[in-house]
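Novice: Data: input-v1.tsv, TSV, C-alpha atoms.
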chain	number	residue	atom	x	y	z
A	5	MET	CA	-47.20	157.34	113.57
A	6	GLN	CA	-46.59	156.39	110.02
A	7	SER	CA	-43.32	158.33	109.99
A	8	PHE	CA	-42.00	156.32	112.99
A	9	ARG	CA	-42.51	153.19	110.94
A	10	ASN	CA	-40.33	154.55	108.18
A	11	LYS	CA	-38.49	151.59	106.70
A	12	LYS	CA	-35.23	153.64	106.38
A	13	SER	CA	-34.72	154.06	110.12
A	14	PHE	CA	-32.88	151.55	112.42
A	15	THR	CA	-34.89	149.16	114.47
A	16	LEU	CA	-34.01	148.50	118.07
A	17	ILE	CA	-33.23	144.89	117.21
A	18	GLU	CA	-30.79	146.02	114.53
A	19	LEU	CA	-28.95	148.24	116.95
A	20	ILE	CA	-28.80	145.60	119.65
A	21	ILE	CA	-27.48	142.97	117.23
A	22	THR	CA	-24.92	145.42	115.90
A	23	ILE	CA	-23.71	146.37	119.36
A	24	VAL	CA	-23.47	142.73	120.39
A	25	VAL	CA	-21.58	141.72	117.23
A	26	VAL	CA	-19.22	144.67	117.47
A	27	GLY	CA	-18.68	143.95	121.14
A	28	ILE	CA	-17.92	140.28	120.59
A	29	VAL	CA	-15.45	140.93	117.75
A	30	ALA	CA	-13.90	144.12	119.08
A	31	PHE	CA	-12.94	142.58	122.42
A	32	PRO	CA	-10.27	140.12	121.18
A	33	ILE	CA	-9.13	142.59	118.53
A	34	SER	CA	-8.60	145.32	121.08
A	35	ILE	CA	-6.72	142.94	123.38
A	36	THR	CA	-4.50	141.83	120.51
A	37	LEU	CA	-3.88	145.41	119.47
A	38	ALA	CA	-3.07	146.49	123.01
A	39	LYS	CA	-0.59	143.64	123.39
A	40	GLN	CA	1.08	144.51	120.12
A	41	VAL	CA	1.39	148.18	121.04
A	42	GLN	CA	2.82	147.18	124.39
A	43	SER	CA	5.33	144.85	122.76
A	44	VAL	CA	6.51	147.71	120.54
A	45	PHE	CA	7.50	149.68	123.62
A	46	VAL	CA	9.08	146.61	125.20
A	47	SER	CA	11.07	145.90	122.05
A	48	GLN	CA	12.43	149.44	122.13
A	49	ASP	CA	13.65	148.70	125.63
A	50	TYR	CA	15.39	145.58	124.34
A	51	ILE	CA	17.13	147.56	121.60
A	52	PHE	CA	18.32	150.22	124.02
A	53	ALA	CA	19.41	147.65	126.58
A	54	THR	CA	21.35	145.67	123.97
A	55	ASN	CA	23.21	148.74	122.78
A	56	LEU	CA	24.11	149.79	126.31
A	57	ALA	CA	25.27	146.28	127.19
A	58	ARG	CA	27.47	146.19	124.08
A	59	LEU	CA	28.93	149.56	124.97
A	60	ASP	CA	29.88	148.47	128.46
A	61	MET	CA	31.18	145.08	127.31
A	62	ASP	CA	33.41	146.65	124.65
A	63	THR	CA	34.65	149.20	127.16
A	64	SER	CA	35.40	146.41	129.63
A	65	LEU	CA	37.28	144.33	127.08
A	66	ASN	CA	39.52	147.32	126.41
A	67	THR	CA	40.10	148.08	130.07
A	68	ALA	CA	43.40	147.17	131.73
A	69	TYR	CA	43.08	143.71	133.26
A	70	ALA	CA	43.83	144.83	136.82
A	71	SER	CA	41.28	147.65	136.59
A	72	LEU	CA	38.50	145.38	135.44
A	73	VAL	CA	36.13	145.16	138.40
A	74	SER	CA	32.45	144.63	139.16
A	75	ALA	CA	30.24	147.71	139.13
A	76	SER	CA	26.60	148.78	139.15
A	77	PHE	CA	25.22	151.85	137.43
A	78	THR	CA	21.84	153.50	137.92
A	79	ASN	CA	20.62	155.34	134.82
A	80	TYR	CA	23.67	154.21	132.87
A	81	LYS	CA	25.09	157.00	130.69
A	82	GLY	CA	22.06	159.10	131.53
A	83	TYR	CA	19.53	156.66	130.06
A	84	PRO	CA	16.73	155.15	132.17
A	85	TYR	CA	18.40	151.75	132.36
A	86	ASN	CA	20.37	150.15	135.16
A	87	LEU	CA	23.49	148.19	134.28
A	88	THR	CA	25.32	145.64	136.37
A	89	ARG	CA	28.79	144.40	135.50
A	90	THR	CA	30.04	141.34	137.32
A	91	VAL	CA	33.70	140.39	137.06
A	92	VAL	CA	34.93	137.13	138.55
A	93	TYR	CA	37.96	134.92	138.15
A	94	VAL	CA	37.32	131.81	136.14
A	95	PRO	CA	38.37	128.80	138.16
A	96	PRO	CA	40.93	127.48	138.40
A	97	SER	CA	42.80	130.71	138.96
A	98	THR	CA	46.32	129.41	138.48
A	99	ALA	CA	48.37	131.68	140.65
A	100	LEU	CA	51.33	129.37	140.23
A	101	THR	CA	52.02	130.47	136.69
A	102	GLY	CA	50.66	133.96	137.10
A	103	GLU	CA	48.09	133.44	134.37
A	104	SER	CA	44.43	134.03	134.97
A	105	LEU	CA	41.14	134.58	133.23
A	106	LYS	CA	38.28	136.86	134.20
A	107	SER	CA	34.64	136.43	133.32
A	108	ILE	CA	32.65	139.58	132.55
A	109	THR	CA	28.87	139.48	132.77
A	110	VAL	CA	26.88	142.57	131.83
A	111	SER	CA	23.14	142.72	132.59
A	112	VAL	CA	20.74	145.55	131.86
A	113	THR	CA	17.33	146.26	133.38
A	114	LYS	CA	14.88	149.07	132.85
A	115	SER	CA	14.99	151.58	135.70
A	116	GLY	CA	12.40	150.62	138.28
A	117	SER	CA	12.12	147.08	136.99
A	118	THR	CA	13.86	143.85	137.90
A	119	ILE	CA	13.31	142.17	134.55
A	120	ILE	CA	16.68	141.61	132.86
A	121	LEU	CA	16.47	142.77	129.27
A	122	ILE	CA	19.79	141.31	128.16
A	123	THR	CA	22.82	139.56	129.61
A	124	LEU	CA	26.15	139.44	127.77
A	125	VAL	CA	29.04	137.31	128.95
A	126	SER	CA	32.65	137.06	127.86
A	127	TYR	CA	36.14	136.18	129.09
A	128	VAL	CA	39.30	138.22	129.09
A	129	ALA	CA	42.78	136.77	129.61
A	130	LYS	CA	45.49	138.49	131.58
A	131	ASN	CA	48.01	140.76	129.89
A	132	ILE	CA	46.76	140.28	126.36
A	133	THR	CA	46.98	143.27	124.09
A	134	ILE	CA	45.09	143.75	120.86
A	135	GLY	CA	46.77	145.11	117.76
A	136	LEU	CA	50.23	145.00	116.28
B	1	MET	CA	-7.01	129.18	99.87
B	2	LEU	CA	-7.17	132.39	101.87
B	3	LYS	CA	-7.89	134.36	98.72
B	4	ALA	CA	-10.78	132.05	97.77
B	5	GLY	CA	-12.15	132.30	101.29
B	6	LEU	CA	-12.05	136.08	101.20
B	7	LYS	CA	-13.78	136.08	97.82
B	8	TYR	CA	-16.52	133.82	99.13
B	9	PHE	CA	-16.87	135.97	102.23
B	10	ALA	CA	-17.11	139.15	100.13
B	11	PHE	CA	-19.73	137.48	97.92
B	12	ILE	CA	-21.87	136.55	100.95
B	13	ILE	CA	-21.56	140.05	102.37
B	14	LEU	CA	-22.56	141.55	99.03
B	15	ARG	CA	-25.60	139.28	98.75
B	16	LEU	CA	-26.61	140.06	102.31
B	17	LYS	CA	-26.10	143.76	101.74
B	18	LEU	CA	-28.17	143.76	98.55
B	19	SER	CA	-30.86	141.77	100.25
B	20	MET	CA	-30.98	144.14	103.20
B	21	LEU	CA	-30.81	147.20	101.00
B	22	ASN	CA	-33.83	145.94	99.16
B	23	ARG	CA	-35.64	145.69	102.41
B	24	LYS	CA	-33.85	148.90	103.62
B	25	ARG	CA	-33.00	147.22	106.93
B	26	GLY	CA	-29.78	146.08	108.63
B	27	LEU	CA	-27.64	148.89	107.27
B	28	ALA	CA	-25.98	149.45	110.61
B	29	LEU	CA	-25.18	145.77	110.94
B	30	ILE	CA	-23.70	145.62	107.45
B	31	ALA	CA	-21.62	148.73	108.10
B	32	ALA	CA	-20.44	147.33	111.42
B	33	VAL	CA	-19.50	143.97	109.91
B	34	MET	CA	-17.58	145.65	107.12
B	35	LEU	CA	-15.81	147.87	109.63
B	36	ILE	CA	-14.89	144.85	111.71
B	37	VAL	CA	-13.52	143.09	108.66
B	38	PHE	CA	-11.33	146.04	107.73
B	39	VAL	CA	-10.12	146.54	111.29
B	40	SER	CA	-9.40	142.83	111.62
B	41	ILE	CA	-7.30	142.86	108.47
B	42	ALA	CA	-5.43	145.94	109.66
B	43	VAL	CA	-4.78	144.40	113.08
B	44	LEU	CA	-3.66	141.14	111.48
B	45	GLY	CA	-1.23	142.97	109.21
B	46	LEU	CA	0.11	145.04	112.09
B	47	SER	CA	0.48	141.93	114.22
B	48	VAL	CA	2.47	140.12	111.55
B	49	PHE	CA	4.74	143.13	111.12
B	50	ILE	CA	5.33	143.53	114.85
B	51	VAL	CA	5.95	139.83	115.39
B	52	GLN	CA	8.58	139.84	112.64
B	53	TRP	CA	10.14	143.00	114.03
B	54	ILE	CA	10.40	141.53	117.50
B	55	GLY	CA	11.84	138.35	116.01
B	56	GLN	CA	14.50	140.48	114.32
B	57	ILE	CA	15.36	142.22	117.59
B	58	ASN	CA	15.60	138.87	119.35
B	59	ALA	CA	17.92	137.54	116.64
B	60	ASP	CA	20.06	140.65	116.97
B	61	GLN	CA	20.35	140.10	120.73
B	62	ILE	CA	21.35	136.47	120.27
B	63	SER	CA	23.85	137.48	117.62
B	64	SER	CA	25.49	139.94	120.03
B	65	ARG	CA	25.66	137.29	122.72
B	66	CYS	CA	27.27	134.87	120.25
B	67	VAL	CA	29.99	137.38	119.33
B	68	TYR	CA	30.98	137.88	122.96
B	69	ASN	CA	30.84	134.14	123.57
B	70	ALA	CA	33.20	133.69	120.63
B	71	LEU	CA	35.56	136.33	122.02
B	72	ALA	CA	35.42	134.52	125.34
B	73	GLY	CA	36.64	131.44	123.47
B	74	VAL	CA	39.58	133.35	122.00
B	75	ASN	CA	40.68	134.57	125.42
B	76	TYR	CA	40.13	131.15	126.96
B	77	SER	CA	42.29	129.52	124.31
B	78	ILE	CA	45.12	132.01	124.82
B	79	TYR	CA	44.90	131.63	128.58
B	80	GLN	CA	45.18	127.85	128.30
B	81	TYR	CA	48.12	128.09	125.94
B	82	ARG	CA	49.99	130.56	128.15
B	83	ASN	CA	49.20	128.46	131.17
B	84	SER	CA	50.23	125.06	129.91
B	85	THR	CA	51.10	125.39	126.17
B	86	SER	CA	48.10	123.16	125.44
B	87	LEU	CA	45.85	123.70	122.44
B	88	ILE	CA	42.16	123.60	123.29
B	89	ASN	CA	39.63	122.21	120.84
B	90	GLY	CA	35.98	121.31	121.32
B	91	THR	CA	33.01	122.85	123.08
B	92	ILE	CA	33.39	124.73	126.35
B	93	ASN	CA	30.38	125.89	128.35
B	94	ILE	CA	30.59	129.37	129.86
B	95	ASN	CA	27.35	128.81	131.75
B	96	VAL	CA	24.07	127.02	131.18
B	97	ASN	CA	23.05	129.30	128.30
B	98	ASN	CA	26.30	130.28	126.63
B	99	SER	CA	29.09	128.28	125.07
B	100	PHE	CA	31.85	128.43	122.49
B	101	ARG	CA	33.45	125.88	120.23
B	102	LEU	CA	37.18	126.13	119.62
B	103	SER	CA	39.53	125.09	116.88
B	104	THR	CA	43.09	126.19	117.66
B	105	VAL	CA	46.05	125.69	115.34
B	106	LEU	CA	49.68	126.37	116.08
B	107	ALA	CA	51.10	128.25	113.10
B	108	GLY	CA	54.62	127.81	111.74
B	109	GLY	CA	57.75	129.88	112.38
B	110	GLY	CA	58.26	133.49	111.51
B	111	GLY	CA	60.00	133.03	108.14
B	112	GLY	CA	62.31	135.68	106.68
B	113	ALA	CA	65.54	136.39	108.56
B	114	SER	CA	64.21	134.66	111.65
B	115	SER	CA	64.19	131.31	109.85
B	116	ALA	CA	68.00	131.38	109.92
B	117	MET	CA	68.10	131.92	113.67
B	118	VAL	CA	68.47	129.04	116.08
B	119	LEU	CA	67.84	129.88	119.70
B	120	ASN	CA	69.31	127.24	121.95
B	121	ALA	CA	68.06	127.15	125.50
B	122	THR	CA	69.00	123.58	126.35
B	123	ALA	CA	71.82	124.77	128.64
B	124	ALA	CA	69.81	127.52	130.27
B	125	ARG	CA	70.37	128.01	133.96
B	126	LEU	CA	69.90	130.58	136.69
B	127	GLY	CA	72.73	132.43	138.41
B	128	ASN	CA	73.43	135.35	140.73
B	129	ASN	CA	70.95	134.21	143.39
B	130	ASN	CA	68.67	132.89	140.65
B	131	ARG	CA	68.11	136.41	139.36
B	132	ARG	CA	69.98	135.96	136.06
B	133	LEU	CA	69.12	133.76	133.13
B	134	LEU	CA	72.34	132.36	131.70
B	135	GLY	CA	73.43	129.83	129.13
B	136	VAL	CA	71.17	130.64	126.19
B	137	THR	CA	72.76	131.01	122.77
B	138	VAL	CA	71.60	132.28	119.43
B	139	ARG	CA	73.05	131.10	116.12
B	140	ASN	CA	72.78	132.59	112.68
B	141	SER	CA	72.77	129.48	110.50
B	142	SER	CA	72.55	131.32	107.19
B	143	ALA	CA	75.29	132.44	104.80
B	144	ASN	CA	74.39	136.10	105.39
B	145	ALA	CA	74.61	138.36	108.38
B	146	VAL	CA	71.35	139.09	110.18
B	147	THR	CA	70.43	141.96	112.45
B	148	ILE	CA	68.38	141.73	115.63
B	149	ASP	CA	66.22	144.79	116.05
B	150	ARG	CA	64.17	144.15	119.19
B	151	MET	CA	63.75	141.58	121.93
B	152	ILE	CA	60.54	140.50	123.60
B	153	VAL	CA	61.00	138.72	126.90
B	154	SER	CA	58.08	137.46	128.92
B	155	TRP	CA	57.95	135.47	132.12
B	156	SER	CA	55.27	133.87	134.19
B	157	ILE	CA	55.87	135.47	137.59
B	158	ASN	CA	54.23	138.78	137.09
B	159	ASN	CA	55.77	140.83	139.86
B	160	ARG	CA	59.33	140.24	138.63
B	161	THR	CA	61.03	142.97	136.61
B	162	MET	CA	63.83	142.94	134.05
B	163	SER	CA	66.68	145.43	134.04
B	164	GLN	CA	69.44	144.30	131.67
B	165	ILE	CA	70.24	142.16	128.61
B	166	ARG	CA	73.78	141.38	127.51
B	167	ILE	CA	74.65	139.59	124.27
B	168	ASN	CA	78.16	138.50	123.27
B	169	GLY	CA	79.81	140.71	125.87
B	170	ASN	CA	77.80	143.83	125.05
B	171	THR	CA	74.97	145.27	127.07
B	172	VAL	CA	72.35	145.70	124.37
B	173	TRP	CA	69.67	146.99	126.70
B	174	SER	CA	69.43	148.29	130.24
B	175	GLY	CA	66.97	150.56	131.85
B	176	ILE	CA	64.18	150.95	134.30
B	177	MET	CA	62.84	147.72	135.61
B	178	ILE	CA	59.94	146.66	133.43
B	179	LEU	CA	57.23	144.10	133.88
B	180	THR	CA	56.32	141.22	131.63
B	181	PRO	CA	55.93	141.21	128.66
B	182	ALA	CA	59.03	143.33	128.08
B	183	ASN	CA	59.20	144.57	124.51
B	184	VAL	CA	62.57	146.32	124.40
B	185	ASN	CA	64.38	148.14	121.64
B	186	ILE	CA	67.90	146.75	121.97
B	187	THR	CA	71.05	148.07	120.34
B	188	ASN	CA	70.93	146.57	116.87
B	189	THR	CA	73.04	143.44	117.02
B	190	VAL	CA	74.53	142.01	113.83
B	191	ILE	CA	75.32	138.31	113.91
B	192	PRO	CA	77.70	137.27	111.16
B	193	ALA	CA	76.98	134.26	108.95
B	194	ASN	CA	77.26	130.85	110.62
B	195	THR	CA	78.09	132.37	113.98
B	196	THR	CA	76.83	131.64	117.47
B	197	TYR	CA	76.47	134.43	120.02
B	198	PRO	CA	75.86	133.81	123.71
B	199	ILE	CA	73.10	135.66	125.44
B	200	ASP	CA	75.32	136.34	128.40
B	201	LEU	CA	72.61	137.28	130.79
B	202	ILE	CA	69.12	138.54	131.29
B	203	GLN	CA	68.91	140.24	134.64
B	204	PHE	CA	65.81	140.15	136.85
B	205	ASN	CA	65.16	141.79	140.20
B	206	SER	CA	64.39	138.61	142.12
B	207	SER	CA	64.53	134.84	141.98
B	208	MET	CA	63.11	133.30	138.82
B	209	ILE	CA	62.83	129.79	140.18
B	210	GLY	CA	59.50	128.39	139.10
B	211	ALA	CA	59.13	130.76	136.19
B	212	THR	CA	58.69	130.07	132.51
B	213	ILE	CA	60.67	132.55	130.46
B	214	THR	CA	60.10	133.13	126.77
B	215	ILE	CA	62.70	134.96	124.70
B	216	SER	CA	61.95	136.29	121.24
B	217	PHE	CA	64.13	138.07	118.74
B	218	VAL	CA	62.55	140.44	116.26
B	219	MET	CA	64.71	140.88	113.16
B	220	THR	CA	64.97	144.09	111.16
B	221	ASP	CA	62.65	142.55	108.57
B	222	GLY	CA	59.98	142.14	111.23
B	223	THR	CA	60.12	138.35	111.50
B	224	THR	CA	60.42	136.67	114.86
B	225	THR	CA	62.08	133.64	116.41
B	226	SER	CA	61.51	132.47	119.97
B	227	ALA	CA	62.75	130.13	122.66
B	228	CYS	CA	61.11	129.11	125.87
B	229	VAL	CA	62.71	128.06	129.15
B	230	ALA	CA	60.60	126.37	131.78
B	231	TYR	CA	61.60	126.38	135.46
B	232	PRO	CA	65.12	127.28	134.40
B	233	VAL	CA	67.46	124.59	135.49
B	234	GLN	CA	70.00	122.82	133.40
B	235	GLY	CA	68.36	120.89	130.60
B	236	SER	CA	64.78	121.78	131.47
B	237	VAL	CA	63.42	123.35	128.34
B	238	CYS	CA	59.81	123.74	127.33
B	239	THR	CA	58.55	123.37	123.80
B	240	GLN	CA	59.83	126.13	121.62
B	241	PRO	CA	56.82	128.15	120.62
B	242	ALA	CA	55.98	128.77	117.02
B	243	GLY	CA	55.08	132.15	115.60
B	244	SER	CA	51.40	132.31	116.30
B	245	LEU	CA	48.15	130.62	117.17
B	246	THR	CA	45.21	130.73	114.81
B	247	ILE	CA	42.08	130.49	116.93
B	248	ASN	CA	38.64	129.93	115.45
B	249	SER	CA	35.98	130.35	118.09
B	250	MET	CA	32.28	129.87	117.41
B	251	GLY	CA	29.90	131.44	119.95
B	252	LYS	CA	26.56	129.77	120.59
B	253	VAL	CA	23.50	130.44	122.71
B	254	SER	CA	21.44	127.49	123.88
B	255	GLY	CA	18.06	127.04	122.26
B	256	SER	CA	19.07	128.93	119.14
B	257	ASN	CA	20.57	127.92	115.82
B	258	ILE	CA	22.28	131.29	115.46
B	259	TYR	CA	26.06	131.27	115.75
B	260	ARG	CA	28.91	133.72	115.21
B	261	THR	CA	32.51	132.72	114.56
B	262	VAL	CA	35.58	134.81	115.30
B	263	SER	CA	38.99	134.04	113.83
B	264	ALA	CA	41.92	135.50	115.76
B	265	THR	CA	45.68	135.42	115.26
B	266	TYR	CA	47.64	135.41	118.50
B	267	ASN	CA	51.29	136.37	118.34
B	268	ILE	CA	52.95	134.17	120.94
B	269	ALA	CA	56.17	136.12	121.25
B	270	GLY	CA	54.51	139.51	121.34
B	271	ASN	CA	51.70	138.21	123.55
B	272	ASN	CA	49.11	140.07	121.59
B	273	ILE	CA	46.12	139.40	119.38
B	274	ALA	CA	47.49	140.66	116.10
B	275	ASP	CA	44.17	140.52	114.31
B	276	TRP	CA	40.64	139.24	114.73
B	277	SER	CA	37.53	139.34	112.63
B	278	GLY	CA	34.21	137.65	112.22
B	279	ILE	CA	34.05	134.87	109.67
B	280	ASN	CA	31.10	133.04	108.22
B	281	ALA	CA	32.13	129.52	109.16
B	282	VAL	CA	31.08	126.68	111.42
B	283	VAL	CA	33.70	125.29	113.75
B	284	PRO	CA	33.23	121.53	113.47
Just dump the structure as C-alpha cells.
Specialist:
Amino acid sequence: MQSFRNKKSFTLIELIITIVVVGIVAFPISITLAKQVQSVFVSQDYIFATNLARLDMDTSLNTAYASLVSASFTNYKGYPYNLTRTVVYVPPSTALTGESLKSITVSVTKSGSTIILITLVSYVAKNITIGL
Amino acid sequence: MLKAGLKYFAFIILRLKLSMLNRKRGLALIAAVMLIVFVSIAVLGLSVFIVQWIGQINADQISSRCVYNALAGVNYSIYQYRNSTSLINGTININVNNSFRLSTVLAGGGGGASSAMVLNATAARLGNNNRRLLGVTVRNSSANAVTIDRMIVSWSINNRTMSQIRINGNTVWSGIMILTPANVNITNTVIPANTTYPIDLIQFNSSMIGATITISFVMTDGTTTSACVAYPVQGSVCTQPAGSLTINSMGKVSGSNIYRTVSATYNIAGNNIADWSGINAVVP
C-alpha cells in the first residue's frame, strides 16, 4: 500500500485537471489551426483561378473583334476550374458610325462549386490593333 | 509589453514548477501547460504568416483587376474618339465594383516631312453615285520635294471596301477591295517643292453618304499627316486629327486603395495602339 502512495506518481486529480486544461485550451487552438489550414487550400484556388482568368482575358483581348464571343468552359485547360466568359456590347452601340465597344467579363469557379473565385472585366474597341 | 508579459509568465511557470517539483506533484499539469504555451505560440506564428500570405494573394487579385480596368479605359477612350472625336476625361464606372479614371491628350502633328504637307479637304465631295471621294488636295509647302510612301484610309461604314486611289492623274494603288482601315503601299509619289497635287479619286464599292473618311499620308521618313472628311458633302469637314492620342487610364476596384495606371499611345491615322505600358502614376 505504501508503494501506491508514492509521491512521484500522478494523482487522479492531477490527471483530471490536466485533461480539462488541455481540453479547454486545445479546442480554440485546433479550430484556429483547422481554419488556417483550410484557408491555405482556398488561397491556392484563388491563385490558380487568377492565373486562368488572366490567361483567358489576355487571349480574348488578342482575339479578332468579330470572333470575340461568350463561352463557358468546364475544367478549363484541363484544370479543375470552370471558366465563364461573357461578351456584351457596351451601350450605346452606335451602329450609325460603325464603331462599337465590347465588354469582356471572365469569371472562374472551382469545379463543383458555385463560389466565384475571381472576376476580371475589361473593354475592347472595334478594329483596334496593337503594335506598330 | 509582450516581451515583459512573456517574461513574467515564464517566471510564474518556473516558480510553480519548482514548487511542484519540491512536492513532486503536478508534473503532468506543468508539462501540459508548457506544451500548450509552445503550441499556442506556433499556431499564432503560423496564423500571422497565413493571414499575410492571403492578404498578398488578395492584393495580387485586385492588382490584376485594376490592370484590366485600366485597359478597359484605354479602349473606351479610343472608342469615344473614333465615334465622335471627343476626348474623355474623368471617372467612368464599368460596373458597381470596377472603374477607371481617364486623362486623354491629343498629341501634336507627325513632324518630319509630314510637317510640310497640307491636306485640304474643304472641297471634298462624293461622285460617281456617291462611291468616289473627290476634291481633296495635298500640298507640299516646303522648299524640298517630299515622297509619299504609303496611304492609310479609314472610313466609318465598315462593310464598304476600297479599290482604287488616283493622285495627280496617276493610279497609285488599285487592287482587291479591302476593308477599313486600309493601309496600302502606294506607288511612291514625289511632290515637288511648293506644289499642290489633287487626289483625283478614292474609289469605294458603294455609297459613302453618312461616312466619315480619314486619309493619312505616310512619308518615306515614317512621319504622317492626316485629313478627315465627315459626311462628305461640299464644305463639310471634320476636325483634322493630330498624330496621336496619349491616354492615361487608372484602373480602380471599389473598397481598395490599390490602383494601376496604363499609359497608351494611340496612332489615329494607323488606328492602332502603338505602345502601352504600366506607369506608377495617379490620374488626377
Novice: Can you tell me how far CA of Ala75 (chain A) sits from CA of Ser99 (chain B), in Å to one decimal?
Specialist: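 Between CA of Ala75 (chain A) and CA of Ser99 (chain B) the gap is 24.0 Å.
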Novice: Considering only C-alpha atoms, can you say which of A:Ile132, A:Val26, A:Ile33, A:Val44 comes closest to Ala68 (chain A)?
Specialist: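 Closest to Ala68 (chain A) of all the choices is A:Ile132.
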Novice: What is the distance between CA of Val94 (chain A) and CA of Ile134 (chain A), in Å to one decimal?
Specialist: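 Straight-line distance from CA of Val94 (chain A) to CA of Ile134 (chain A) works out to 20.9 Å.
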Novice: Give me, please, the distance in Å between CA of Ser104 (chain A) and CA of Phe77 (chain A), quoted to one decimal.
Specialist: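 Result for CA of Ser104 (chain A) versus CA of Phe77 (chain A): 26.3 Å, one decimal.
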Novice: Any idea what's packed within 10 Å of Asn86 (chain A), counting all atoms listed in the file, ignoring anything in its chain fewer than 4 positions away? Could you give it as a VMD selection string?
Specialist: chain A and resid 53 56 76 to 82 111 to 118 120
Novice: Taking 4 positions as the minimum chain separation for residues in the same chain, which residues sit within 8 Å of Trp155 (chain B) when counting all atoms listed in the file? Answer as a PyMOL selection string.
Specialist: chain B and resi 180-181+211-214
Novice: Counting only C-alpha atoms, a student should be able to say which residues of chain B come within 7 Å of chain A; what is the right answer, written as a VMD selection string?
Specialist: chain B and resid 24 to 26 28 to 29 32 40 43 47 50 54 57 61 65 68 to 69 71 to 72 75 to 76 79 83 156 to 158 271 to 275
Novice: For Thr63 (chain A), which residue out of A:Ile35, A:Val92, A:Val110, A:Leu16 is the nearest one, using only C-alpha atoms?
Specialist: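 Closest to Thr63 (chain A), using only C-alpha atoms: A:Val110.
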Novice: Would you list the residues near (45.0, 125.8, 123.7) (no more than 9 Å away, in the coordinates of the file, using all atoms listed in the file) as a count of residues only?
Specialist: 21
